[in-house]
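J.: Take a look at this one; I'll ask things after.
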Amino acid sequence: MPFIDCAGRAIYAEAHGLDRRAALPVLMLHGAGSNAATWWQQLPAFSARHPVLTMDLRCFGRSAAPMAEFRLEHFVADVLAVLDHFQLPSVAVLGQSLGGMVGLRLALQQPARVAAFVACDSPLGVDQPDILAALEARARRASSQTLEQRALGAWFLQRSPERAALYAQINHFNPGSIQVSPADWREAMDRLMEPARLLPMSAVAGLRCPVLWLVGREDPLVPLAAMQQAHALTPGSELAVVDDCGHSTYFEKPEAFNHLVLDFLVRRVNA
């Protein structure tokens, strides 16, 4: 069964290619508009070379939980439960948006468990003025834009309407999309970004593993300036900017995304 117990909650997780134990495992953590299914364009490329784990964070997809548990501390605990279940002492973490917020805290709290960290279009859960302003602007637009318009770049929406529709359909598997009121969903998201829960931007300097900051140039939620600051605060880290991309580089330009991340892992962790 792909369900793993975490303090009484059944967390959905999938393992691909665990027979390749000699290679560094890669854990893919989705964003707040997605679930484990969203990595369909990454799984073939990555699982050919690495063991790969995907999971539905609690309150998403198949990991049912009350919205009161929509908290970073629970998400981190879920990840650790999955790693322990599969007996993986260390992984490379790919964190998309919300997944990057989870990955950053995991890397800071449990550095031995994170061999590399790739923050993909992630606001990181940090107190950074450009990010907070972008999130506030998104909140004001939320009622007048579809999920695809908020998360995907204009170039992608114009040229790949069928994949944009698939992006929305994957989101509809989340309880927050159809079973939770917009007000309750907004409240849960706002809790994540409460000032008392944010890390200072300087916290990224505490990362002790190879780091790749990856962002779409058109990302409306994660300004390039913020990722440039994160890059400057983490000597030895790398910054990749993908043109004609919004908030979901992995989905909009999967070939470029896959190449950038796999190349990073080969060069920086010999994976």
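Ordered as shown in the structure tokens, chains take letters A, B, and onward, while each chain numbers its residues from 1 and ligands are numbered from 1 in the order shown.
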Would you mind writing down, as an mmCIF file with C-alpha atoms, in the first residue's frame, each residue of region 100-266 of chain A that DSSP on the backbone assigns to strand (DSSP E or B)?
T.:
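Saved to states23.cif:
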data_model
loop_
_atom_site.group_PDB
_atom_site.id
_atom_site.type_symbol
_atom_site.label_atom_id
_atom_site.label_comp_id
_atom_site.auth_asym_id
_atom_site.auth_seq_id
_atom_site.Cartn_x
_atom_site.Cartn_y
_atom_site.Cartn_z
ATOM 1 C CA VAL A 114 19.116 16.571 2.602
ATOM 2 C CA ALA A 115 22.033 15.930 0.230
ATOM 3 C CA ALA A 116 20.935 18.687 -2.171
ATOM 4 C CA PHE A 117 18.129 21.218 -2.324
ATOM 5 C CA VAL A 118 16.452 22.577 -5.448
ATOM 6 C CA ALA A 119 14.020 25.412 -4.728
ATOM 7 C CA CYS A 120 11.675 25.623 -7.719
ATOM 8 C CA VAL A 126 10.703 33.830 4.349
ATOM 9 C CA ASP A 127 10.295 37.462 5.336
ATOM 10 C CA LEU A 199 11.971 32.724 8.580
ATOM 11 C CA PRO A 200 14.289 35.679 8.104
ATOM 12 C CA VAL A 211 21.601 24.451 -3.593
ATOM 13 C CA LEU A 212 19.960 25.377 -6.895
ATOM 14 C CA TRP A 213 17.601 28.346 -6.952
ATOM 15 C CA LEU A 214 15.402 27.885 -10.030
ATOM 16 C CA VAL A 215 12.782 30.396 -11.145
ATOM 17 C CA GLY A 216 10.730 31.333 -14.188
ATOM 18 C CA GLU A 238 23.556 28.192 -8.304
ATOM 19 C CA LEU A 239 20.794 30.289 -9.856
ATOM 20 C CA ALA A 240 18.882 29.213 -12.980
ATOM 21 C CA VAL A 241 16.382 31.522 -14.676
ATOM 22 C CA VAL A 242 14.097 30.054 -17.342
#
J.: With a distance cut-off of 7 Å and only C-alpha atoms, select the neighbouring residues of Leu53 (chain A), excluding the residue or stretch itself and same-chain residues fewer than 5 positions from it, and output the selection as an mmCIF file with N, CA and C atoms, in the first residue's frame.
T.:
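Here's the written file result-v9.cif:
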data_model
loop_
_atom_site.group_PDB
_atom_site.id
_atom_site.type_symbol
_atom_site.label_atom_id
_atom_site.label_comp_id
_atom_site.auth_asym_id
_atom_site.auth_seq_id
_atom_site.Cartn_x
_atom_site.Cartn_y
_atom_site.Cartn_z
ATOM 1 N N ALA A 13 2.283 8.102 -0.724
ATOM 2 C CA ALA A 13 3.619 8.251 -1.307
ATOM 3 C C ALA A 13 3.851 7.143 -2.318
ATOM 4 N N GLU A 14 4.626 7.462 -3.337
ATOM 5 C CA GLU A 14 5.010 6.495 -4.360
ATOM 6 C C GLU A 14 6.526 6.448 -4.460
ATOM 7 N N ALA A 15 7.065 5.265 -4.649
ATOM 8 C CA ALA A 15 8.508 5.078 -4.846
ATOM 9 C C ALA A 15 8.737 4.476 -6.224
ATOM 10 N N HIS A 16 9.675 5.029 -6.946
ATOM 11 C CA HIS A 16 10.007 4.577 -8.291
ATOM 12 C C HIS A 16 11.508 4.292 -8.369
ATOM 13 N N VAL A 26 15.761 10.997 -5.151
ATOM 14 C CA VAL A 26 15.220 12.337 -5.341
ATOM 15 C C VAL A 26 13.793 12.358 -4.802
ATOM 16 N N LEU A 27 13.515 13.305 -3.913
ATOM 17 C CA LEU A 27 12.179 13.491 -3.367
ATOM 18 C C LEU A 27 11.566 14.725 -4.002
ATOM 19 N N MET A 28 10.394 14.567 -4.634
ATOM 20 C CA MET A 28 9.710 15.668 -5.299
ATOM 21 C C MET A 28 8.523 16.116 -4.447
#
J.: Neighbours of Gly125 (chain A) within 8 Å (only C-alpha atoms; same-chain residues fewer than 2 positions away dropped), as a list in words?
T.: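 My list of contacting residues is Met101, Pro123, Asp127, Leu192, Met193, Arg197, Leu198 and Leu199 of chain A.
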J.: Quick one: distance from CA of Glu255 (chain A) to CA of Val102 (chain A) in Å, one decimal?
T.: 24.6 Å
J.: Run DSSP on the backbone and give me the residues of region 210-257 of chain A it puts in alpha helix (DSSP H), as a list in words.
T.: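 Written out, the alpha helix (DSSP H) residues of region 210-257 of chain A are Leu224, Ala225, Ala226, Met227, Gln228, Gln229, Ala230, His231, Ala232, Leu233, Thr249, Tyr250, Phe251, Glu252, Pro254, Glu255, Ala256 and Phe257 of chain A.
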J.: Rank A:Ala203, A:Leu221, A:Val91, A:Cys6 by their smallest atom-to-atom distance to Leu135 (chain A), using only C-alpha atoms, and report the top residue only.
T.: A:Leu221
J.: Per residue of region 93-185 of chain A within 9 Å of region 56-71 of chain A, note the shortest atom pair and the distance in Å to one decimal, counting only C-alpha atoms, and order the rows by chain and increasing residue number, as a tab-separated table.
T.:
residue	atom	partner	partner_atom	distance
A:Gly99	CA	A:Leu57	CA	8.7
A:Ile170	CA	A:Gly61	CA	8.9
A:Asn171	CA	A:Gly61	CA	8.3
A:His172	CA	A:Gly61	CA	8.7
A:Phe173	CA	A:Gly61	CA	5.5
A:Asn174	CA	A:Gly61	CA	4.6
A:Pro175	CA	A:Phe60	CA	6.4
A:Gly176	CA	A:Phe60	CA	7.3
A:Val180	CA	A:Met67	CA	8.4
A:Asp184	CA	A:Met67	CA	8.0
A:Trp185	CA	A:Met67	CA	8.0
J.: Go ahead and save the residues from that selection, with C-alpha atoms, as an mmCIF file, in the first residue's frame.
T.:
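Final output, result.cif:
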data_model
loop_
_atom_site.group_PDB
_atom_site.id
_atom_site.type_symbol
_atom_site.label_atom_id
_atom_site.label_comp_id
_atom_site.auth_asym_id
_atom_site.auth_seq_id
_atom_site.Cartn_x
_atom_site.Cartn_y
_atom_site.Cartn_z
ATOM 1 C CA GLY A 99 7.251 22.171 -1.520
ATOM 2 C CA ILE A 170 -4.675 17.818 -11.413
ATOM 3 C CA ASN A 171 -5.452 20.586 -8.934
ATOM 4 C CA HIS A 172 -9.096 19.488 -8.838
ATOM 5 C CA PHE A 173 -8.022 16.256 -7.137
ATOM 6 C CA ASN A 174 -7.148 18.357 -4.080
ATOM 7 C CA PRO A 175 -9.839 18.723 -1.404
ATOM 8 C CA GLY A 176 -8.972 22.417 -1.198
ATOM 9 C CA VAL A 180 -13.001 23.584 1.141
ATOM 10 C CA ASP A 184 -11.099 28.594 4.561
ATOM 11 C CA TRP A 185 -8.464 27.902 1.907
#
J.: So that I can see what lies close to His85 (chain A), please list as number ranges by chain the residues with an atom at most 10 Å from it, counting only C-alpha atoms and leaving out residues fewer than 3 positions away in the same chain.
T.: A: 4-6, 79-82, 88
J.: Which residue, A:Phe251, A:Trp40, A:Phe86, A:Phe75, has the smallest gap to Phe156 (chain A) when you use only C-alpha atoms?
T.: A:Phe251
J.: Using only C-alpha atoms, find the one residue out of A:Ala23, A:Ala32, A:Leu260, A:Ala230 that sits nearest to Ser47 (chain A).
T.: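 Closest residue, counting only C-alpha atoms: A:Ala23.
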J.: Could you check which of A:Val261, A:Pro51, A:Thr234, A:Asp78 is closest to Gly8 (chain A), using only C-alpha atoms?
T.: A:Asp78
J.: Just want the 10 Å neighbourhood of Trp155 (chain A), counted on only C-alpha atoms, with same-chain residues fewer than 5 positions away dropped. Output as a PDB file with C-alpha atoms, in the first residue's frame.
T.:
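Writing the result to result39.pdb gives the following:
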ATOM      1  CA  SER A 160      -0.308  24.929 -24.642  1.00  0.00           C
ATOM      2  CA  GLU A 218       7.697  35.626 -15.519  1.00  0.00           C
ATOM      3  CA  ASP A 243      12.640  32.451 -19.894  1.00  0.00           C
ATOM      4  CA  ASP A 244       8.975  32.467 -20.906  1.00  0.00           C
ATOM      5  CA  CYS A 245       7.925  30.735 -17.688  1.00  0.00           C
ATOM      6  CA  GLY A 246       5.576  31.657 -14.879  1.00  0.00           C
ATOM      7  CA  GLU A 252       5.691  24.719 -18.474  1.00  0.00           C
TER       8      GLU A 252
END
J.: How far is it from CA of Val93 (chain A) to CA of Asp190 (chain A), in Å with one decimal?
T.: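 We find that CA of Val93 (chain A) and CA of Asp190 (chain A) lie 24.4 Å from each other.
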J.: Identify which of the residues A:Gly95, A:Leu72, A:Val204, A:Tyr250 lies closest to Gly153 (chain A), counting only C-alpha atoms when measuring atom-to-atom distances.
T.: A:Tyr250
